Amino acid sequence: MSEADLRAVSTNTNPDGDARPPAPAHDPASVVVRAPQMTPDKPEGFFIVGKATPKVDAYGRVTGAERFADDIALPNMLFGKMVRSTQPHARLTRVDVRRALTLPGVVAAATGADLRVRYGILPSSPDETVMAVERVRYVGDPVACIVAEDEVTAEEACALVEVGYEPLPAIMTIDDALRTDLPQIHPNPRRADNVHKEVHLEFGDVEQGFAAADRVFEDEYFFEGTTHAPIEQHAVVADYGPDGKLTLWCSTQTPHYLHRIAAAVLGLPGSHVRVIAPPVGGGFGGKTEPFAHELAAGFMAMKTGRPVKMTLTREEVFYAHRGRHPVRFKLRTGVKNDGTITAVHLQTWLDGGAYGSYGVATTYYTGALTPVTYKIPAYKFDGCRVFTNKPPCGPKRGHGTTQPRFAIESQLDKIADALGLDAAEYRKRIAVEPSSKTVNGLRITSCGLPQCLDAAAARTNYAAKRGRLPRGKGIGLAASAYLCGAGLPIYWNAMPQSGAMVKIDRGGGVTVFCGASDCGQGSTHMLAAIVAETLGTDVTDVRVCYGDTDLTPVDLGSYSSRVTFMAGNAARQAALTLRAQLANAAAAKLECPPQRLGFGRRRVFCLDDPARSLTFIEAAQLAEAEFGTLAAVGSYTPPALAAGYKGSGVGPSPAYSYSVAVAEVDVDLETGQVQVEKITLAHDVGRCINADSVEGQIEGAVYMGLGEALMEEWPFRAGEHKTPNLLDYKTPTSLDTPPIEAIIIETDDREGPFGAKEAGQGPLNPVIPAIANAVADAIKARIHSTPITPEKVLKALDATSGAPLRLKPSAASRPQPPVPASP
């Protein structure tokens with residue numbers, strides 16, 4: 001029975017079963033393109049999935065009723081501040097807090113000597129302490145902590161802490177980090193340089209692949225480092241009770257990992273630590289690991305016996321950072337005359353900053369996903385991450401894949417131009433195929449890349465415009481792929497990556513318990529929608545309890561675009577168990593086989609005779625009478641996906657999303673100013689759970705990509721960040737943001753919840769190279785580094801040959817010798 005047929009015979013009801021007018025429909029601005037082979041996962045059709053509806057938590061957000069971490073105030077609460085290093089690299093000769101403790105209102109202080117436990121988000125890089133011990137490694141490195149009766153007093157006391165420094169040479173570039181005559185930031189007896197991680201992988205016969213090529217293209221690129229700039233600054237409230245248990249309310253995307261590391265660093269059993277993640281006001285990867293201030297707040301709460309709040313200033317957020325790595329590339333690609341790729345060799349150098357963070361994984365990610373978008377029969381990847389005396393880098397939206405996508409898509413456009421091929425049709429020709437495996441052993445399930453290319457190119461009339469617009473006007477296209485969650489957890493184990501519990505009460509209310517954080521990406525609504533669709537109730541009848549390590553099952557966190565696929569599958573599994581109980585209880589009453597019952601609009605009905613029905617409340621009460629309390633659990637563990645080589649744990653995912661962006665630009669040939677006139681972006685989302693949310697994610701990704709393409713950069717002078725504020729660090733405003741058209745491509749992934757895949761990070765990756773390719777079309781010269789500033793445009797226009805100008809904006813972007821061999 002179709003949804004239209006069912007709508008004709010099944011009334012829209014309120015919780016008591018009375019008829020009510022249908023809710024007004026909302027038409028999204030996006031275009032939804034549905035694959036012809038898609039079939040509903042429910043025989044009765046969808047009532048919630050795929051619709052464009054307000055998120056269930058939207059009302060609290062827009063009215064200001066939501067309480068974020070900094071809104072939390074506890075009785076007798078203290079306020080904490082961190083004393084931070086003023087030197088990029090130095091030995092600590094003393095940290096004296098005695099003067100600070102004499103200031104009225106100061107309650108306690110701590111230094112690195114009080115907390116010497118080393119930690120790190122990755123078990124392979126436990127190189128941090130809460131406060132510096134013996135050495136500081138960047139301007140902003142915490143050296144002490146003060147707690148006082150109020151925030152102003154704590155700030156004044158920080159100025160009274162006496163810190164002695166013995167300066168060491170500061171290593172500020174990739175070049176310097178590769179040298180062997182400078183001090184090591186982290187002493188390593190196995191090396192003489194400041195290399196943190198090297199990766200050397202080769203798949204297929206690369207040498208033969210290049211020998212078989214008709215043409216070989218080789219280019220160098222540089223992607224500047226950027227920061228997340230979330231609206232909400234990092235904040236934490238810590239409370240240590242008389243029962244010896246610690247509670248942290250924290251702006252974090254990964255409450256489970258914070259729980260784990262807080263217990264280890266503070267010397268508490270895991271059962272005595274509780275982490276609650278209130279709504280997060282933006283994360284983008286910048287809140288996916290434990291931070292020093294969070295652990296310091298816990299320690300000071302334990303030391304004083306009083307609650308402690310610590311909220312970072314905007315400047316401190318720039319130093320706490322964990323933003324996008326600056327990366328230098330050498331990219332060599334062999335192709336046949338028809339564009340078929342024969343071999344690729346990618347080399348990457350990452351500026352990791354002062355600590356490891358997620359850097360080992362990021363290094364792998366700069367190369368691991370290259371073969372997921374296009375067919376590459378032979379592939380070689382060399383990666384190198386170095387330590388420098390800058391704030392540590394980590395994951396930012398697109399984690400390690402955004403930077404190489406700029407290089408790959410820029411070179412593909414160059415190849416297409418050289419071979420006289422339409423760039424969109426060329427990418428379609430070499431796109432990976434569904435149900436295939438890449439040369440480095442990654443499994444492709446669904447793939448909507450061809451549909452994305454067709455939709456975006458047709459919508460923008462790309463073929464007719466490319467290369468034919470007046471000088472200064474340009475159009476560019478780029479494609480990308482991204483994960484739907486990492487195939488393996490950070491701490492390898494056989495346990496599920498996501499868990500969920502669903503409870504139905506006899507009044508018809510449904511509660512979902514899941515550990516995933518909501519950082520604005522819409523995970524709360526997604527969980528409510530999946531459970532409501534499965535059970536046939538209304539999404540407004542579902543409450544979601546999330547991000548509380550005491551109340552919810554473990555979820556590894558909101559990163560790598562994993563929540564829809566993994567937490568969504570866990571919640572759906574739990575809901576399916578309850579659906580079976582409801583069906584069995586209702587079947588006897590309706591005299592209809594359980595498998596012939598449909599669920600929708602708060603009713604359970606016979607598919608063959610929809611007039612025979614029960615309200616959801618009636619079905620729930622029958623089921624509770626028969627089975628007892630209605631509660632079920634679900635979990636999700638990805639299939640075994642890693643291949644048999646070292647490093648294969650980074651890159652596998654249960655599914656990959658695909659995106660295509662088309663940028664249209666106007667370049668002022670006198671000033672070099674680039675004006676983006678429109679971005680059209682098609683995204684393969686598998687199946688759309690909520691069109692409003694997907695459209696919002698696409699628009700947010702375009703906005704972020706616009707900033708990274710044209711204005712965001714991470715400059716340093718004498719070890720200090722030159723622009724640690726949102727006035728000088730340029731991000732786009734609403735006036736800079738062009739019209740954005742979202743095209744939602746549905747391919748129905750067989751393993752996703754109702755066929756869904758990710759929409760949070762994937763749409764960002766093609767935006768930056770699409771703008772770069774559009775600028776190249778406009779000025780007939782290519783810029784090889786980000787951001788694409790007016791200065792670089794004018795230099796390219798001044799090139800006498802008219803060919804791409806090899807820019808040298810900084811030492812970090814200059815060609816370098818090959819990656820050093822592994823020790």
# chains A, B, ... in the order shown; residues from 1 in each chain; ligands from 1
$ residues_around --residues "Glu425 (chain A)" --least-positions-apart "4" --cutoff "10 Å" --atoms "only C-alpha atoms" --output "ChimeraX atom specification"
/A:416,421,429-431,450,453-454,457,463
$ write_last_selection --atoms "C-alpha atoms" --output "PDB file, in the first residue's frame"
ATOM      1  CA  ALA A 416      40.910  17.687 -17.856  1.00  0.00           C
ATOM      2  CA  LEU A 421      37.838  16.911 -21.475  1.00  0.00           C
ATOM      3  CA  ARG A 429      34.071   8.511 -16.161  1.00  0.00           C
ATOM      4  CA  ILE A 430      36.677   7.759 -13.465  1.00  0.00           C
ATOM      5  CA  ALA A 431      34.296   7.659 -10.469  1.00  0.00           C
ATOM      6  CA  PRO A 450      27.660  10.176 -10.827  1.00  0.00           C
ATOM      7  CA  LEU A 453      27.905  15.262 -10.913  1.00  0.00           C
ATOM      8  CA  ASP A 454      24.927  15.113 -13.259  1.00  0.00           C
ATOM      9  CA  ALA A 457      26.421  20.247 -13.704  1.00  0.00           C
ATOM     10  CA  ALA A 463      29.402  22.546 -19.644  1.00  0.00           C
TER      11      ALA A 463
END
$ residues_around --residues "Thr564 (chain A)" --least-positions-apart "6" --cutoff "9 Å" --atoms "only C-alpha atoms" --output "PDB file with all heavy atoms, in the first residue's frame"
ATOM      1  N   CYS A 484      31.292   7.687   6.915  1.00  0.00           N
ATOM      2  CA  CYS A 484      30.101   7.644   7.772  1.00  0.00           C
ATOM      3  C   CYS A 484      30.510   6.989   9.089  1.00  0.00           C
ATOM      4  O   CYS A 484      29.979   5.965   9.510  1.00  0.00           O
ATOM      5  CB  CYS A 484      28.978   6.862   7.111  1.00  0.00           C
ATOM      6  SG  CYS A 484      28.287   7.671   5.671  1.00  0.00           S
ATOM      7  N   GLY A 485      31.510   7.570   9.707  1.00  0.00           N
ATOM      8  CA  GLY A 485      32.067   7.012  10.931  1.00  0.00           C
ATOM      9  C   GLY A 485      33.280   6.144  10.650  1.00  0.00           C
ATOM     10  O   GLY A 485      33.342   5.448   9.640  1.00  0.00           O
ATOM     11  N   SER A 523      21.634  15.684  15.793  1.00  0.00           N
ATOM     12  CA  SER A 523      21.574  14.269  16.164  1.00  0.00           C
ATOM     13  C   SER A 523      20.371  13.971  17.057  1.00  0.00           C
ATOM     14  O   SER A 523      19.816  12.867  17.008  1.00  0.00           O
ATOM     15  CB  SER A 523      22.868  13.836  16.853  1.00  0.00           C
ATOM     16  OG  SER A 523      23.088  14.575  18.040  1.00  0.00           O
ATOM     17  N   MET A 526      17.501  13.504  14.763  1.00  0.00           N
ATOM     18  CA  MET A 526      17.694  12.285  13.977  1.00  0.00           C
ATOM     19  C   MET A 526      17.299  11.052  14.787  1.00  0.00           C
ATOM     20  O   MET A 526      16.577  10.175  14.289  1.00  0.00           O
ATOM     21  CB  MET A 526      19.159  12.196  13.539  1.00  0.00           C
ATOM     22  CG  MET A 526      19.536  10.952  12.754  1.00  0.00           C
ATOM     23  SD  MET A 526      19.967   9.514  13.803  1.00  0.00           S
ATOM     24  CE  MET A 526      21.396  10.138  14.687  1.00  0.00           C
ATOM     25  N   LEU A 527      17.745  10.967  16.043  1.00  0.00           N
ATOM     26  CA  LEU A 527      17.399   9.817  16.879  1.00  0.00           C
ATOM     27  C   LEU A 527      15.893   9.764  17.128  1.00  0.00           C
ATOM     28  O   LEU A 527      15.280   8.686  17.066  1.00  0.00           O
ATOM     29  CB  LEU A 527      18.157   9.895  18.201  1.00  0.00           C
ATOM     30  CG  LEU A 527      19.677   9.687  18.113  1.00  0.00           C
ATOM     31  CD1 LEU A 527      20.345  10.098  19.417  1.00  0.00           C
ATOM     32  CD2 LEU A 527      20.000   8.235  17.782  1.00  0.00           C
ATOM     33  N   GLY A 752      22.731   1.604   6.191  1.00  0.00           N
ATOM     34  CA  GLY A 752      22.411   2.751   7.037  1.00  0.00           C
ATOM     35  C   GLY A 752      21.015   2.655   7.603  1.00  0.00           C
ATOM     36  O   GLY A 752      20.163   1.915   7.100  1.00  0.00           O
ATOM     37  N   PRO A 753      20.712   3.394   8.670  1.00  0.00           N
ATOM     38  CA  PRO A 753      19.360   3.388   9.237  1.00  0.00           C
ATOM     39  C   PRO A 753      18.367   3.989   8.244  1.00  0.00           C
ATOM     40  O   PRO A 753      18.505   5.160   7.872  1.00  0.00           O
ATOM     41  CB  PRO A 753      19.502   4.240  10.505  1.00  0.00           C
ATOM     42  CG  PRO A 753      20.684   5.117  10.242  1.00  0.00           C
ATOM     43  CD  PRO A 753      21.617   4.316   9.381  1.00  0.00           C
ATOM     44  N   ALA A 756      20.176   5.771   5.424  1.00  0.00           N
ATOM     45  CA  ALA A 756      20.808   7.082   5.570  1.00  0.00           C
ATOM     46  C   ALA A 756      22.330   6.982   5.653  1.00  0.00           C
ATOM     47  O   ALA A 756      22.888   6.006   6.154  1.00  0.00           O
ATOM     48  CB  ALA A 756      20.272   7.785   6.810  1.00  0.00           C
ATOM     49  N   LYS A 757      22.991   8.047   5.171  1.00  0.00           N
ATOM     50  CA  LYS A 757      24.426   8.238   5.342  1.00  0.00           C
ATOM     51  C   LYS A 757      24.656   9.630   5.946  1.00  0.00           C
ATOM     52  O   LYS A 757      23.721  10.308   6.327  1.00  0.00           O
ATOM     53  CB  LYS A 757      25.153   8.103   3.993  1.00  0.00           C
ATOM     54  CG  LYS A 757      25.025   6.722   3.361  1.00  0.00           C
ATOM     55  CD  LYS A 757      26.026   6.480   2.234  1.00  0.00           C
ATOM     56  CE  LYS A 757      25.733   7.296   1.003  1.00  0.00           C
ATOM     57  NZ  LYS A 757      26.580   6.894  -0.169  1.00  0.00           N
ATOM     58  N   GLU A 758      25.920  10.032   6.005  1.00  0.00           N
ATOM     59  CA  GLU A 758      26.248  11.289   6.699  1.00  0.00           C
ATOM     60  C   GLU A 758      25.936  12.523   5.859  1.00  0.00           C
ATOM     61  O   GLU A 758      25.859  12.458   4.637  1.00  0.00           O
ATOM     62  CB  GLU A 758      27.722  11.280   7.112  1.00  0.00           C
ATOM     63  CG  GLU A 758      28.721  11.512   5.991  1.00  0.00           C
ATOM     64  CD  GLU A 758      29.010  12.972   5.705  1.00  0.00           C
ATOM     65  OE1 GLU A 758      29.001  13.801   6.621  1.00  0.00           O
ATOM     66  OE2 GLU A 758      29.246  13.296   4.525  1.00  0.00           O
ATOM     67  N   ALA A 759      25.822  13.661   6.555  1.00  0.00           N
ATOM     68  CA  ALA A 759      25.637  14.940   5.863  1.00  0.00           C
ATOM     69  C   ALA A 759      26.394  16.064   6.549  1.00  0.00           C
ATOM     70  O   ALA A 759      26.279  17.211   6.144  1.00  0.00           O
ATOM     71  CB  ALA A 759      24.149  15.298   5.798  1.00  0.00           C
TER      72      ALA A 759
END
$ residues_around --residues "Tyr482 (chain A)" --least-positions-apart "5" --cutoff "10 Å" --atoms "only C-alpha atoms" --output "number ranges by chain"
A: 369, 372-373, 398-399, 401-402, 560-561, 651, 653, 655-659, 758-765
$ select_by_dssp --residues "region 361-466 of chain A" --states "strand (DSSP E)" --output "PyMOL selection string"
chain A and resi 379-386+436-437+443-444
$ closest_residue --among "A:Thr254, A:Ser517, A:Asn440, A:Gln573" --to "Gly644 (chain A)" --atoms "only C-alpha atoms"
A:Asn440
$ closest_atom_pairs --of "region 413-497 of chain A" --to "region 322-344 of chain A" --cutoff "12 Å" --atoms "only C-alpha atoms" --output "JSON lines"
{"residue": "A:Asp413", "atom": "CA", "partner": "A:Gly339", "partner_atom": "CA", "distance": 11.1}
{"residue": "A:Lys414", "atom": "CA", "partner": "A:Thr333", "partner_atom": "CA", "distance": 11.1}
{"residue": "A:Ile415", "atom": "CA", "partner": "A:Gly339", "partner_atom": "CA", "distance": 7.5}
{"residue": "A:Ala416", "atom": "CA", "partner": "A:Gly339", "partner_atom": "CA", "distance": 7.3}
{"residue": "A:Asp417", "atom": "CA", "partner": "A:Gly339", "partner_atom": "CA", "distance": 10.5}
{"residue": "A:Ala418", "atom": "CA", "partner": "A:Asn337", "partner_atom": "CA", "distance": 9.6}
{"residue": "A:Leu419", "atom": "CA", "partner": "A:Asn337", "partner_atom": "CA", "distance": 6.7}
{"residue": "A:Gly420", "atom": "CA", "partner": "A:Asp338", "partner_atom": "CA", "distance": 9.3}
{"residue": "A:Leu421", "atom": "CA", "partner": "A:Gly339", "partner_atom": "CA", "distance": 8.1}
{"residue": "A:Asp422", "atom": "CA", "partner": "A:Gly339", "partner_atom": "CA", "distance": 10.7}
{"residue": "A:Ala423", "atom": "CA", "partner": "A:Gly339", "partner_atom": "CA", "distance": 10.4}
{"residue": "A:Glu425", "atom": "CA", "partner": "A:Gly339", "partner_atom": "CA", "distance": 10.7}
{"residue": "A:Tyr426", "atom": "CA", "partner": "A:Gly339", "partner_atom": "CA", "distance": 7.2}
{"residue": "A:Arg427", "atom": "CA", "partner": "A:Gly339", "partner_atom": "CA", "distance": 9.2}
{"residue": "A:Lys428", "atom": "CA", "partner": "A:Gly339", "partner_atom": "CA", "distance": 11.1}
{"residue": "A:Arg429", "atom": "CA", "partner": "A:Thr340", "partner_atom": "CA", "distance": 8.3}
{"residue": "A:Ile430", "atom": "CA", "partner": "A:Thr340", "partner_atom": "CA", "distance": 6.7}
{"residue": "A:Ala431", "atom": "CA", "partner": "A:Thr340", "partner_atom": "CA", "distance": 10.4}
{"residue": "A:Val432", "atom": "CA", "partner": "A:Ile341", "partner_atom": "CA", "distance": 11.8}
{"residue": "A:Val439", "atom": "CA", "partner": "A:Ala343", "partner_atom": "CA", "distance": 10.7}
$ write_last_selection --atoms "all heavy atoms" --output "compact mmCIF listing (two decimals), in the first residue's frame"
# COMPACT_ATOMS: atom_id res chain seq x y z
N ASP A 413 41.35 19.12 -12.49
CA ASP A 413 40.90 20.13 -13.44
C ASP A 413 42.00 20.45 -14.44
O ASP A 413 41.74 20.64 -15.64
CB ASP A 413 40.49 21.40 -12.68
CG ASP A 413 39.00 21.67 -12.79
OD1 ASP A 413 38.22 20.71 -12.73
OD2 ASP A 413 38.62 22.84 -12.95
N LYS A 414 43.23 20.52 -13.96
CA LYS A 414 44.36 20.76 -14.86
C LYS A 414 44.48 19.64 -15.88
O LYS A 414 44.72 19.88 -17.07
CB LYS A 414 45.63 20.87 -14.03
CG LYS A 414 46.91 21.05 -14.83
CD LYS A 414 48.11 21.11 -13.90
CE LYS A 414 49.42 21.17 -14.68
NZ LYS A 414 50.59 21.22 -13.77
N ILE A 415 44.29 18.39 -15.44
CA ILE A 415 44.37 17.25 -16.36
C ILE A 415 43.27 17.32 -17.39
O ILE A 415 43.49 17.11 -18.59
CB ILE A 415 44.30 15.93 -15.55
CG1 ILE A 415 45.56 15.76 -14.69
CG2 ILE A 415 44.13 14.73 -16.48
CD1 ILE A 415 45.49 14.61 -13.71
N ALA A 416 42.04 17.60 -16.93
CA ALA A 416 40.91 17.69 -17.86
C ALA A 416 41.15 18.77 -18.91
O ALA A 416 40.89 18.55 -20.11
CB ALA A 416 39.63 17.96 -17.08
N ASP A 417 41.65 19.92 -18.48
CA ASP A 417 41.93 21.00 -19.44
C ASP A 417 42.99 20.58 -20.44
O ASP A 417 42.87 20.83 -21.65
CB ASP A 417 42.39 22.25 -18.69
CG ASP A 417 41.25 22.94 -17.95
OD1 ASP A 417 40.08 22.65 -18.26
OD2 ASP A 417 41.54 23.77 -17.06
N ALA A 418 44.05 19.91 -19.94
CA ALA A 418 45.15 19.52 -20.83
C ALA A 418 44.71 18.48 -21.86
O ALA A 418 45.20 18.46 -22.99
CB ALA A 418 46.31 18.98 -20.00
N LEU A 419 43.77 17.64 -21.46
CA LEU A 419 43.30 16.58 -22.36
C LEU A 419 42.07 16.99 -23.16
O LEU A 419 41.53 16.18 -23.94
CB LEU A 419 43.01 15.31 -21.56
CG LEU A 419 44.19 14.70 -20.78
CD1 LEU A 419 43.74 13.46 -20.02
CD2 LEU A 419 45.34 14.36 -21.72
N GLY A 420 41.59 18.19 -22.96
CA GLY A 420 40.42 18.66 -23.69
C GLY A 420 39.13 17.97 -23.28
O GLY A 420 38.23 17.78 -24.11
N LEU A 421 39.00 17.63 -21.97
CA LEU A 421 37.84 16.91 -21.48
C LEU A 421 36.96 17.83 -20.64
O LEU A 421 37.46 18.72 -19.95
CB LEU A 421 38.27 15.71 -20.62
CG LEU A 421 39.18 14.67 -21.29
CD1 LEU A 421 39.66 13.66 -20.26
CD2 LEU A 421 38.44 13.98 -22.43
N ASP A 422 35.66 17.62 -20.70
CA ASP A 422 34.74 18.29 -19.79
C ASP A 422 35.01 17.77 -18.39
O ASP A 422 35.00 16.56 -18.14
CB ASP A 422 33.30 18.02 -20.19
CG ASP A 422 32.31 18.61 -19.20
OD1 ASP A 422 31.96 19.78 -19.35
OD2 ASP A 422 31.91 17.88 -18.27
N ALA A 423 35.26 18.69 -17.45
CA ALA A 423 35.69 18.28 -16.11
C ALA A 423 34.65 17.44 -15.39
O ALA A 423 34.99 16.52 -14.64
CB ALA A 423 36.04 19.52 -15.29
N GLU A 425 32.17 15.50 -16.85
CA GLU A 425 32.09 14.19 -17.50
C GLU A 425 33.33 13.35 -17.23
O GLU A 425 33.26 12.13 -17.10
CB GLU A 425 31.89 14.38 -19.01
CG GLU A 425 30.51 14.88 -19.38
CD GLU A 425 29.41 13.92 -18.93
OE1 GLU A 425 29.59 12.69 -19.08
OE2 GLU A 425 28.38 14.40 -18.42
N TYR A 426 34.49 14.01 -17.15
CA TYR A 426 35.72 13.29 -16.85
C TYR A 426 35.66 12.65 -15.48
O TYR A 426 35.98 11.47 -15.30
CB TYR A 426 36.91 14.25 -16.94
CG TYR A 426 38.22 13.64 -16.50
CD1 TYR A 426 38.61 12.37 -16.92
CD2 TYR A 426 39.10 14.35 -15.68
CE1 TYR A 426 39.81 11.82 -16.53
CE2 TYR A 426 40.30 13.81 -15.28
CZ TYR A 426 40.66 12.54 -15.71
OH TYR A 426 41.85 11.99 -15.31
N ARG A 427 35.23 13.40 -14.48
CA ARG A 427 35.12 12.84 -13.14
C ARG A 427 34.10 11.71 -13.10
O ARG A 427 34.28 10.72 -12.39
CB ARG A 427 34.74 13.93 -12.14
CG ARG A 427 35.89 14.88 -11.81
CD ARG A 427 35.41 16.06 -10.98
NE ARG A 427 36.49 16.88 -10.45
CZ ARG A 427 37.11 17.84 -11.11
NH1 ARG A 427 36.74 18.10 -12.37
NH2 ARG A 427 38.08 18.55 -10.55
N LYS A 428 33.03 11.85 -13.85
CA LYS A 428 32.02 10.78 -13.89
C LYS A 428 32.60 9.50 -14.49
O LYS A 428 32.32 8.39 -14.03
CB LYS A 428 30.82 11.27 -14.70
CG LYS A 428 29.63 10.33 -14.68
CD LYS A 428 28.46 10.96 -15.44
CE LYS A 428 27.29 10.00 -15.54
NZ LYS A 428 26.17 10.58 -16.31
N ARG A 429 33.46 9.66 -15.49
CA ARG A 429 34.07 8.51 -16.16
C ARG A 429 34.99 7.73 -15.22
O ARG A 429 35.08 6.50 -15.28
CB ARG A 429 34.85 8.99 -17.37
CG ARG A 429 35.47 7.88 -18.21
CD ARG A 429 36.37 8.45 -19.29
NE ARG A 429 35.69 9.46 -20.11
CZ ARG A 429 36.31 10.25 -20.98
NH1 ARG A 429 37.62 10.16 -21.15
NH2 ARG A 429 35.61 11.12 -21.68
N ILE A 430 35.71 8.44 -14.33
CA ILE A 430 36.68 7.76 -13.46
C ILE A 430 36.15 7.52 -12.05
O ILE A 430 36.89 7.06 -11.18
CB ILE A 430 37.99 8.56 -13.39
CG1 ILE A 430 37.76 9.95 -12.80
CG2 ILE A 430 38.65 8.64 -14.77
CD1 ILE A 430 39.05 10.76 -12.58
N ALA A 431 34.87 7.83 -11.81
CA ALA A 431 34.30 7.66 -10.47
C ALA A 431 34.30 6.19 -10.06
O ALA A 431 34.13 5.29 -10.88
CB ALA A 431 32.87 8.21 -10.44
N VAL A 432 34.48 5.97 -8.76
CA VAL A 432 34.39 4.60 -8.24
C VAL A 432 32.97 4.08 -8.46
O VAL A 432 32.02 4.85 -8.60
CB VAL A 432 34.76 4.53 -6.75
CG1 VAL A 432 36.20 4.90 -6.52
CG2 VAL A 432 33.82 5.40 -5.91
N VAL A 439 41.91 0.14 -4.29
CA VAL A 439 43.21 -0.51 -4.35
C VAL A 439 43.83 -0.68 -2.96
O VAL A 439 44.62 -1.60 -2.73
CB VAL A 439 44.16 0.26 -5.29
CG1 VAL A 439 44.53 1.62 -4.68
CG2 VAL A 439 45.41 -0.53 -5.61
$ select_by_dssp --residues "region 315-559 of chain A" --states "alpha helix (DSSP H)" --output "ChimeraX atom specification"
/A:315-320,359-368,402-419,423-430,449-460,462-465,523-535
$ atom_distance --atom1 "CA of Ile376 (chain A)" --atom2 "CA of Asp684 (chain A)"
21.2 Å
$ residues_around --residues "Gly383 (chain A)" --least-positions-apart "3" --cutoff "7 Å" --atoms "only C-alpha atoms" --output "list in words"
Glu198, Val199, His200, Gln347, Thr348, Trp349 and Thr363 of chain A
$ write_last_selection --atoms "C-alpha atoms" --output "PDB file, in the first residue's frame"
ATOM      1  CA  GLU A 198      55.765   8.887   9.154  1.00  0.00           C
ATOM      2  CA  VAL A 199      53.573   6.802   6.855  1.00  0.00           C
ATOM      3  CA  HIS A 200      54.781   4.946   3.759  1.00  0.00           C
ATOM      4  CA  GLN A 347      53.284  13.119  -0.492  1.00  0.00           C
ATOM      5  CA  THR A 348      52.069  15.158   2.482  1.00  0.00           C
ATOM      6  CA  TRP A 349      53.842  17.153   5.190  1.00  0.00           C
ATOM      7  CA  THR A 363      48.476  11.847   8.884  1.00  0.00           C
TER       8      THR A 363
END
$ residues_around --residues "region 492-498 of chain A" --least-positions-apart "6" --cutoff "6 Å" --atoms "only C-alpha atoms" --output "number ranges by chain"
A: 555-556, 566-567, 635-637
$ write_last_selection --atoms "all heavy atoms" --output "short mmCIF file (atom, residue, chain, number, x, y, z; two decimals), in the first residue's frame"
data_model
loop_
_atom_site.label_atom_id
_atom_site.label_comp_id
_atom_site.auth_asym_id
_atom_site.auth_seq_id
_atom_site.Cartn_x
_atom_site.Cartn_y
_atom_site.Cartn_z
N ASP A 555 28.37 5.87 23.70
CA ASP A 555 28.54 6.24 22.29
C ASP A 555 29.87 6.94 22.21
O ASP A 555 30.20 7.76 23.08
CB ASP A 555 27.42 7.17 21.83
CG ASP A 555 27.59 7.56 20.37
OD1 ASP A 555 27.10 6.84 19.49
OD2 ASP A 555 28.25 8.60 20.12
N LEU A 556 30.66 6.65 21.20
CA LEU A 556 32.03 7.15 21.17
C LEU A 556 32.12 8.64 20.87
O LEU A 556 33.18 9.22 21.04
CB LEU A 556 32.86 6.36 20.16
CG LEU A 556 33.02 4.87 20.49
CD1 LEU A 556 34.01 4.22 19.55
CD2 LEU A 556 33.44 4.65 21.95
N MET A 566 25.80 5.26 12.98
CA MET A 566 26.08 4.34 14.07
C MET A 566 25.07 4.45 15.20
O MET A 566 24.44 3.47 15.58
CB MET A 566 27.51 4.54 14.56
CG MET A 566 28.54 4.23 13.48
SD MET A 566 30.22 4.29 14.07
CE MET A 566 31.11 3.76 12.59
N ALA A 567 24.89 5.65 15.75
CA ALA A 567 23.88 5.81 16.80
C ALA A 567 22.49 5.60 16.23
O ALA A 567 21.60 5.05 16.89
CB ALA A 567 24.00 7.19 17.43
N SER A 635 22.49 -1.78 19.77
CA SER A 635 23.89 -1.37 19.65
C SER A 635 24.33 -1.52 18.20
O SER A 635 23.68 -2.19 17.40
CB SER A 635 24.78 -2.21 20.57
OG SER A 635 24.70 -3.58 20.24
N TYR A 636 25.45 -0.87 17.90
CA TYR A 636 25.98 -0.96 16.54
C TYR A 636 27.49 -1.15 16.59
O TYR A 636 28.21 -0.39 17.23
CB TYR A 636 25.68 0.31 15.73
CG TYR A 636 26.28 0.23 14.34
CD1 TYR A 636 25.67 -0.53 13.35
CD2 TYR A 636 27.47 0.87 14.03
CE1 TYR A 636 26.23 -0.64 12.08
CE2 TYR A 636 28.03 0.77 12.76
CZ TYR A 636 27.41 0.01 11.80
OH TYR A 636 27.96 -0.10 10.55
N THR A 637 27.93 -2.19 15.91
CA THR A 637 29.35 -2.46 15.70
C THR A 637 29.58 -2.56 14.21
O THR A 637 28.93 -3.35 13.53
CB THR A 637 29.77 -3.79 16.37
OG1 THR A 637 29.48 -3.72 17.78
CG2 THR A 637 31.26 -4.04 16.17
#
